[in-house]
Each structure stands twice: as C-alpha cells, then as structure tokens.
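The next block holds one structure in the form of structure tokens; read it before the comments.
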Amino acid sequence: MLLCIQTGKTMSDAHRMKFATDQFYFKTAEEMAKVFHEVPDALSRTVDIAARCNVKIEHIPNALRSSKFRRPHARQLF
C-alpha cells in the first residue's frame, strides 16, 4: 500500500510497481530464527550490532490516516 501511495497508483492497477515478495515487514524473533536456522549465531550477532547503533523507531499510531496527500486534478492524470 505504501508503494502505491509513493508512486501514485492504486492496488487495482495491474501495471503498478510491485515487489516480488510479501516479506517486507519486521519479523518476530521466532520467524528470524527459522530464516537463519543454518547460521545459529546470526541472531545474537545482529543483536550485538544493533546495540552499537543509535536508532530509535517510534510507533506513530494512524500516521497514514492523519497525513494529507495531494491528489492531482483528474485532467493531469492522463
């Protein structure tokens, strides 16, 4: 949905830009353990690296609902 907003397309547009996977989300620790089961120390190394980073990801409730998106005039669409 965010990609449609960014590119000015709708979900029903057959020619819209799409990613070839549905895996673009924050996975749980259990999901990550399954993905990296062949590299057992991958998760602990990732946590170590993350601990060195100074990043804060905040949850913004209803961020899209409160955003104002400019829609081009109908004549500009064609």
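A note on labels: chains of the structure tokens are A, B, ... as shown, every chain counts residues from 1, and ligands are counted from 1 in their shown order.
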
**OP:** Might you pull out every residue within 12 Å of range 19-24 of chain A, with only C-alpha atoms counted and same-chain residues fewer than 2 positions away left off, and present them as a list in words?
**Re:** Met1, Leu2, Leu3, Cys4, Arg16, Met17, Phe26, Lys27, Glu31, Met32 and Val35 of chain A

Original post:
If you run DSSP on this backbone, which residues of range 5-70 of chain A come out as helix (DSSP H, G or I), and could you give them as a PyMOL selection string?
Top reply: chain A and resi 5-7+29-35+42-52+63-66

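We find CA of Lys34 in chain A and CA of Asp48 in chain A to be spaced 19.2 Å apart.
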
Original post:
In Å, how far is it from CA of Thr10 in chain A to CA of His59 in chain A?
Top reply: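 These atoms are spaced 25.3 Å apart.
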
**OP:** Please indicate the distance in Å from CA of Met11 in chain A to CA of Thr28 in chain A, rounded to one decimal place.
**Re:**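 Interatomic distance, CA of Met11 in chain A to CA of Thr28 in chain A: 26.7 Å.
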